[in-house]
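Student: Structure below; questions to follow.
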Amino acid sequence: MLEPRASLNYSIDRNQSIKAGYSRTSQNIHALRVQNMSLPMDRYTMSSNIVKPQTADQFSLGYVALTGNQVYEFSAEGYYKSIRNVLDYKDGKSFNSEIEIERIILAGKGRSYGMEMYGRKNTGLFTGWVSYTLSWSDNRIPGINEGRWYTAGNDRRHDLSVVGMYELPRGWQMAATWVYNTGQALTAPSAKYVVNGETVYYYAERNGYRAPAYHRLDVSATHTKVKKRYTREWSFGLYNAYGRYNPFIISFEDDDSKPSGSKAVQTSLFGVIPSVTYTIKF
């Protein structure tokens, strides 16, 4: 399939430029994520005579600038993407409802838009960068959410990364990375019924709730020494240095303290993880 692309870059001066772009892309492998719980599990399906390929048109406009001595670099870019043949589960269906996936999915359209900003310090003892994305991703599929626009499962409203590195004497380098992401959109039950002793949940709005935000700090210290025939490195690190228990799975169950209510249960995987690495480079 022909996928047209076009790009334009206009230099205002030696250190500033404006760029614009357009692209059309197609995708023949579709990933469908569980909607009624925050579960990192996708079911995949290929395009067929029933399932059409997903296609998208994306437009972007950006600005890039360097300071006169090129120590600092800045960029900002806005984009808009229109998507066709977006797939999602029918209301009341999930990844294990049927073996034949075509029976439990519907197709519609999607849109994604937002802006990305980036700043970097390139030279000196202290270097690093900050990147931030503000974006929206929505779907509109007849037969789902009463045909209204709803937040897509891959929507991440805020995405922030801060990275810093500092060169110390005698071959030491300190580094730290902090990341923040808006929690995954998920479908939470709006009501529940008890049928033959079993709880049945009712879901009124698709992806109307959010999991808690994800954020984490990683720090490291690396010592490098150049030998005659090789270079050796000792690296000491802390993953998730302040012990944030980020959500891995969020499920819903009956609340024993309120028989008529339900509660969300969060499952997390990792706390603080220390590491030590020894590397030899020839």
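How things are named: the first chain in the structure tokens is A, the next is B, and so on; residues count from 1 in each chain; ligands count from 1 in the order shown.
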Using only C-alpha atoms, determine which residues lie at most 12 Å from stretch 189-205 of chain A, disregarding the query and same-chain residues fewer than 6 positions distant; provide the list as a list in words.
Tutor: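 My reading of the contact set: Gln35, Asn36, Met37, Lys90, Asp91, Gly92, Lys93, Ile144, Asn145, Glu146, Gly147, Arg148, Trp149, Tyr150, Thr151, Ser251, Phe252, Glu253, Asp254, Asp255, Pro259, Ser260, Gly261, Ser262, Lys263 and Ala264 of chain A.
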Student: Using N, CA, C and O atoms, can you write the selected residues to a file as an mmCIF file, in the first residue's frame?
Tutor:
data_model
loop_
_atom_site.group_PDB
_atom_site.id
_atom_site.type_symbol
_atom_site.label_atom_id
_atom_site.label_comp_id
_atom_site.auth_asym_id
_atom_site.auth_seq_id
_atom_site.Cartn_x
_atom_site.Cartn_y
_atom_site.Cartn_z
ATOM 1 N N GLN A 35 -10.626 -3.433 28.710
ATOM 2 C CA GLN A 35 -11.146 -2.120 29.077
ATOM 3 C C GLN A 35 -11.670 -2.045 30.507
ATOM 4 O O GLN A 35 -11.641 -0.989 31.122
ATOM 5 N N ASN A 36 -12.175 -3.162 31.046
ATOM 6 C CA ASN A 36 -12.833 -3.074 32.360
ATOM 7 C C ASN A 36 -11.890 -3.317 33.524
ATOM 8 O O ASN A 36 -12.313 -3.500 34.649
ATOM 9 N N MET A 37 -10.581 -3.332 33.261
ATOM 10 C CA MET A 37 -9.585 -3.347 34.314
ATOM 11 C C MET A 37 -8.277 -2.836 33.726
ATOM 12 O O MET A 37 -8.067 -2.896 32.510
ATOM 13 N N LYS A 90 -16.846 -4.697 21.834
ATOM 14 C CA LYS A 90 -18.229 -4.301 22.003
ATOM 15 C C LYS A 90 -18.524 -4.123 23.494
ATOM 16 O O LYS A 90 -17.830 -4.679 24.346
ATOM 17 N N ASP A 91 -19.552 -3.347 23.801
ATOM 18 C CA ASP A 91 -19.971 -3.204 25.186
ATOM 19 C C ASP A 91 -20.314 -4.577 25.749
ATOM 20 O O ASP A 91 -21.041 -5.373 25.131
ATOM 21 N N GLY A 92 -19.795 -4.863 26.939
ATOM 22 C CA GLY A 92 -20.067 -6.135 27.585
ATOM 23 C C GLY A 92 -19.175 -7.278 27.143
ATOM 24 O O GLY A 92 -19.302 -8.401 27.644
ATOM 25 N N LYS A 93 -18.245 -7.028 26.216
ATOM 26 C CA LYS A 93 -17.332 -8.062 25.740
ATOM 27 C C LYS A 93 -15.907 -7.761 26.190
ATOM 28 O O LYS A 93 -15.559 -6.618 26.476
ATOM 29 N N ILE A 144 -20.660 1.559 20.507
ATOM 30 C CA ILE A 144 -19.882 1.605 21.741
ATOM 31 C C ILE A 144 -20.062 2.976 22.384
ATOM 32 O O ILE A 144 -19.991 4.004 21.701
ATOM 33 N N ASN A 145 -20.303 2.998 23.686
ATOM 34 C CA ASN A 145 -20.466 4.251 24.434
ATOM 35 C C ASN A 145 -21.561 5.124 23.834
ATOM 36 O O ASN A 145 -21.435 6.344 23.777
ATOM 37 N N GLU A 146 -22.608 4.476 23.338
ATOM 38 C CA GLU A 146 -23.757 5.161 22.730
ATOM 39 C C GLU A 146 -23.334 6.030 21.545
ATOM 40 O O GLU A 146 -23.969 7.048 21.247
ATOM 41 N N GLY A 147 -22.254 5.649 20.877
ATOM 42 C CA GLY A 147 -21.816 6.366 19.687
ATOM 43 C C GLY A 147 -21.115 7.682 19.966
ATOM 44 O O GLY A 147 -20.796 8.421 19.030
ATOM 45 N N ARG A 148 -20.826 7.980 21.246
ATOM 46 C CA ARG A 148 -20.162 9.230 21.610
ATOM 47 C C ARG A 148 -18.647 9.052 21.608
ATOM 48 O O ARG A 148 -18.129 7.944 21.752
ATOM 49 N N TRP A 149 -17.926 10.158 21.476
ATOM 50 C CA TRP A 149 -16.473 10.139 21.618
ATOM 51 C C TRP A 149 -16.117 9.696 23.031
ATOM 52 O O TRP A 149 -16.769 10.086 23.993
ATOM 53 N N TYR A 150 -15.079 8.880 23.160
ATOM 54 C CA TYR A 150 -14.601 8.473 24.475
ATOM 55 C C TYR A 150 -13.073 8.374 24.449
ATOM 56 O O TYR A 150 -12.452 8.240 23.386
ATOM 57 N N THR A 151 -12.472 8.442 25.620
ATOM 58 C CA THR A 151 -11.021 8.404 25.744
ATOM 59 C C THR A 151 -10.484 7.045 25.320
ATOM 60 O O THR A 151 -10.966 6.007 25.781
ATOM 61 N N SER A 251 -8.222 -4.058 39.464
ATOM 62 C CA SER A 251 -9.436 -4.848 39.277
ATOM 63 C C SER A 251 -10.503 -4.362 40.251
ATOM 64 O O SER A 251 -10.224 -3.567 41.160
ATOM 65 N N PHE A 252 -11.712 -4.847 40.071
ATOM 66 C CA PHE A 252 -12.832 -4.408 40.903
ATOM 67 C C PHE A 252 -13.476 -5.621 41.567
ATOM 68 O O PHE A 252 -13.626 -6.685 40.963
ATOM 69 N N GLU A 253 -13.856 -5.444 42.830
ATOM 70 C CA GLU A 253 -14.490 -6.518 43.575
ATOM 71 C C GLU A 253 -15.465 -5.934 44.579
ATOM 72 O O GLU A 253 -15.495 -4.721 44.821
ATOM 73 N N ASP A 254 -16.282 -6.794 45.166
ATOM 74 C CA ASP A 254 -17.266 -6.342 46.150
ATOM 75 C C ASP A 254 -16.571 -5.771 47.379
ATOM 76 O O ASP A 254 -15.509 -6.246 47.795
ATOM 77 N N ASP A 255 -17.172 -4.740 47.951
ATOM 78 C CA ASP A 255 -16.664 -4.121 49.172
ATOM 79 C C ASP A 255 -17.400 -4.728 50.364
ATOM 80 O O ASP A 255 -18.602 -4.503 50.536
ATOM 81 N N PRO A 259 -21.917 -3.640 51.404
ATOM 82 C CA PRO A 259 -22.411 -4.691 50.522
ATOM 83 C C PRO A 259 -22.959 -4.190 49.191
ATOM 84 O O PRO A 259 -22.927 -4.898 48.195
ATOM 85 N N SER A 260 -23.460 -2.959 49.182
ATOM 86 C CA SER A 260 -24.016 -2.425 47.938
ATOM 87 C C SER A 260 -22.951 -1.765 47.065
ATOM 88 O O SER A 260 -23.247 -1.325 45.964
ATOM 89 N N GLY A 261 -21.723 -1.697 47.575
ATOM 90 C CA GLY A 261 -20.672 -0.989 46.853
ATOM 91 C C GLY A 261 -19.606 -1.912 46.302
ATOM 92 O O GLY A 261 -19.620 -3.132 46.500
ATOM 93 N N SER A 262 -18.664 -1.322 45.585
ATOM 94 C CA SER A 262 -17.530 -2.041 45.017
ATOM 95 C C SER A 262 -16.267 -1.249 45.332
ATOM 96 O O SER A 262 -16.322 -0.061 45.641
ATOM 97 N N LYS A 263 -15.138 -1.900 45.231
ATOM 98 C CA LYS A 263 -13.867 -1.225 45.473
ATOM 99 C C LYS A 263 -12.856 -1.633 44.415
ATOM 100 O O LYS A 263 -12.926 -2.729 43.850
ATOM 101 N N ALA A 264 -11.954 -0.702 44.151
ATOM 102 C CA ALA A 264 -10.862 -0.967 43.223
ATOM 103 C C ALA A 264 -9.673 -1.527 43.995
ATOM 104 O O ALA A 264 -9.343 -1.036 45.078
#
Student: Step one, run DSSP on the backbone; step two, keep only residues of stretch 44-180 of chain A assigned to strand (DSSP E); then write them as a PyMOL selection string.
Tutor: chain A and resi 44-46+54-66+72-89+105-121+126-140+150-151+158-167+172-180
Student: Looking at A:Phe248, A:Trp136, A:Tyr44, A:Phe282, which one is nearest to A:Val226, with distances taken over only C-alpha atoms?
Tutor: A:Phe282
Student: Skipping near chain neighbours, those fewer than 5 positions away, what residues fall within 9 Å of stretch 124-129 of chain A using only C-alpha atoms, listed as a PyMOL selection string?
Tutor: chain A and resi 71+118-119+161-168
Student: Export, as a PDB file, in the first residue's frame, the selected residues with N, CA and C atoms.
Tutor:
ATOM      1  N   VAL A  71      24.955  25.564  23.286  1.00  0.00           N
ATOM      2  CA  VAL A  71      24.927  24.867  24.570  1.00  0.00           C
ATOM      3  C   VAL A  71      23.516  24.363  24.858  1.00  0.00           C
ATOM      4  N   TYR A 118      10.629  20.121  24.179  1.00  0.00           N
ATOM      5  CA  TYR A 118      11.893  19.476  24.523  1.00  0.00           C
ATOM      6  C   TYR A 118      12.954  20.546  24.738  1.00  0.00           C
ATOM      7  N   GLY A 119      13.730  20.397  25.802  1.00  0.00           N
ATOM      8  CA  GLY A 119      14.842  21.303  26.078  1.00  0.00           C
ATOM      9  C   GLY A 119      16.048  20.497  26.529  1.00  0.00           C
ATOM     10  N   SER A 161       9.466  13.710  31.223  1.00  0.00           N
ATOM     11  CA  SER A 161      10.742  13.058  31.548  1.00  0.00           C
ATOM     12  C   SER A 161      11.772  14.130  31.863  1.00  0.00           C
ATOM     13  N   VAL A 162      12.503  13.940  32.965  1.00  0.00           N
ATOM     14  CA  VAL A 162      13.575  14.858  33.356  1.00  0.00           C
ATOM     15  C   VAL A 162      14.830  14.017  33.569  1.00  0.00           C
ATOM     16  N   VAL A 163      15.890  14.327  32.837  1.00  0.00           N
ATOM     17  CA  VAL A 163      17.135  13.555  32.904  1.00  0.00           C
ATOM     18  C   VAL A 163      18.283  14.515  33.181  1.00  0.00           C
ATOM     19  N   GLY A 164      19.126  14.183  34.151  1.00  0.00           N
ATOM     20  CA  GLY A 164      20.286  15.010  34.477  1.00  0.00           C
ATOM     21  C   GLY A 164      21.520  14.141  34.693  1.00  0.00           C
ATOM     22  N   MET A 165      22.677  14.643  34.227  1.00  0.00           N
ATOM     23  CA  MET A 165      23.951  13.939  34.395  1.00  0.00           C
ATOM     24  C   MET A 165      25.008  14.944  34.838  1.00  0.00           C
ATOM     25  N   TYR A 166      25.822  14.541  35.797  1.00  0.00           N
ATOM     26  CA  TYR A 166      26.837  15.460  36.327  1.00  0.00           C
ATOM     27  C   TYR A 166      28.183  14.733  36.384  1.00  0.00           C
ATOM     28  N   GLU A 167      29.196  15.358  35.773  1.00  0.00           N
ATOM     29  CA  GLU A 167      30.552  14.803  35.753  1.00  0.00           C
ATOM     30  C   GLU A 167      31.311  15.233  37.003  1.00  0.00           C
ATOM     31  N   LEU A 168      31.802  14.255  37.744  1.00  0.00           N
ATOM     32  CA  LEU A 168      32.579  14.513  38.946  1.00  0.00           C
ATOM     33  C   LEU A 168      34.057  14.199  38.688  1.00  0.00           C
TER      34      LEU A 168
END
Student: With distances taken over only C-alpha atoms, which residue among A:Val130, A:Lys121, A:Arg244, A:Thr224 lies nearest A:Leu66?
Tutor: A:Lys121
Student: Separation of atom CA of A:Arg206 and atom CA of A:Asp138, in Å?
Tutor: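 Between atom CA of A:Arg206 and atom CA of A:Asp138 the gap works out to 11.0 Å.
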Student: Excluding A:Pro4 and residues on its chain fewer than 6 positions from it, collect all residues at most 10 Å away from it, counting only C-alpha atoms, and give them as a list in words.
Tutor: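 After dropping sequence-adjacent residues, the list is Tyr22, Ser23, Arg24, Thr25 and Asp57 of chain A.
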Student: Those same residues - C-alpha atoms - I'd like them written as a PDB file, in the first residue's frame.
Tutor:
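Printed below is again.pdb as written:
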ATOM      1  CA  TYR A  22       2.391  15.119   6.631  1.00  0.00           C
ATOM      2  CA  SER A  23       2.265  11.332   6.534  1.00  0.00           C
ATOM      3  CA  ARG A  24      -0.242   8.608   5.796  1.00  0.00           C
ATOM      4  CA  THR A  25       0.382   5.250   7.435  1.00  0.00           C
ATOM      5  CA  ASP A  57      -3.240  10.853   8.362  1.00  0.00           C
TER       6      ASP A  57
END
Student: Taking the DSSP secondary structure from the backbone, can you list the residues of stretch 64-268 of chain A that are helix (DSSP H, G or I), as a ChimeraX atom specification?
Tutor: /A:101-103,145-147
Student: Dump all heavy atoms for the selected residues as a compact mmCIF listing (two decimals), in the first residue's frame?
Tutor:
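Written file, selection_1.txt:
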# COMPACT_ATOMS: atom_id res chain seq x y z
N ILE A 101 -12.41 -13.44 17.17
CA ILE A 101 -12.37 -12.06 17.64
C ILE A 101 -13.32 -11.16 16.85
O ILE A 101 -13.80 -10.14 17.35
CB ILE A 101 -10.92 -11.52 17.61
CG1 ILE A 101 -10.82 -10.27 18.49
CG2 ILE A 101 -10.47 -11.25 16.17
CD1 ILE A 101 -9.39 -9.82 18.73
N GLU A 102 -13.60 -11.53 15.60
CA GLU A 102 -14.49 -10.69 14.78
C GLU A 102 -15.89 -10.58 15.39
O GLU A 102 -16.63 -9.62 15.07
CB GLU A 102 -14.59 -11.27 13.35
CG GLU A 102 -13.32 -11.18 12.55
CD GLU A 102 -12.38 -12.34 12.82
OE1 GLU A 102 -12.74 -13.20 13.67
OE2 GLU A 102 -11.32 -12.40 12.19
N ARG A 103 -16.27 -11.51 16.25
CA ARG A 103 -17.60 -11.49 16.85
C ARG A 103 -17.72 -10.49 18.01
O ARG A 103 -18.83 -10.17 18.43
CB ARG A 103 -17.95 -12.89 17.38
CG ARG A 103 -18.07 -13.97 16.32
CD ARG A 103 -18.35 -15.31 16.97
NE ARG A 103 -18.50 -16.38 16.00
CZ ARG A 103 -19.66 -16.74 15.44
NH1 ARG A 103 -20.77 -16.10 15.77
NH2 ARG A 103 -19.71 -17.72 14.57
N ASN A 145 -20.30 3.00 23.69
CA ASN A 145 -20.47 4.25 24.43
C ASN A 145 -21.56 5.12 23.83
O ASN A 145 -21.43 6.34 23.78
CB ASN A 145 -19.13 5.02 24.48
CG ASN A 145 -19.04 5.99 25.64
OD1 ASN A 145 -19.29 5.64 26.78
ND2 ASN A 145 -18.67 7.23 25.33
N GLU A 146 -22.61 4.48 23.34
CA GLU A 146 -23.76 5.16 22.73
C GLU A 146 -23.33 6.03 21.54
O GLU A 146 -23.97 7.05 21.25
CB GLU A 146 -24.50 6.00 23.77
CG GLU A 146 -25.07 5.17 24.92
CD GLU A 146 -25.85 6.00 25.91
OE1 GLU A 146 -25.80 7.25 25.81
OE2 GLU A 146 -26.51 5.41 26.79
N GLY A 147 -22.25 5.65 20.88
CA GLY A 147 -21.82 6.37 19.69
C GLY A 147 -21.11 7.68 19.97
O GLY A 147 -20.80 8.42 19.03
Student: Given only C-alpha atoms as the basis, pick out the residue of A:Ile18, A:Val219, A:Ala185, A:Ile29 nearest to A:Ile250.
Tutor: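 Of A:Ile18, A:Val219, A:Ala185, A:Ile29, the one nearest A:Ile250, counting only C-alpha atoms, is A:Ala185.
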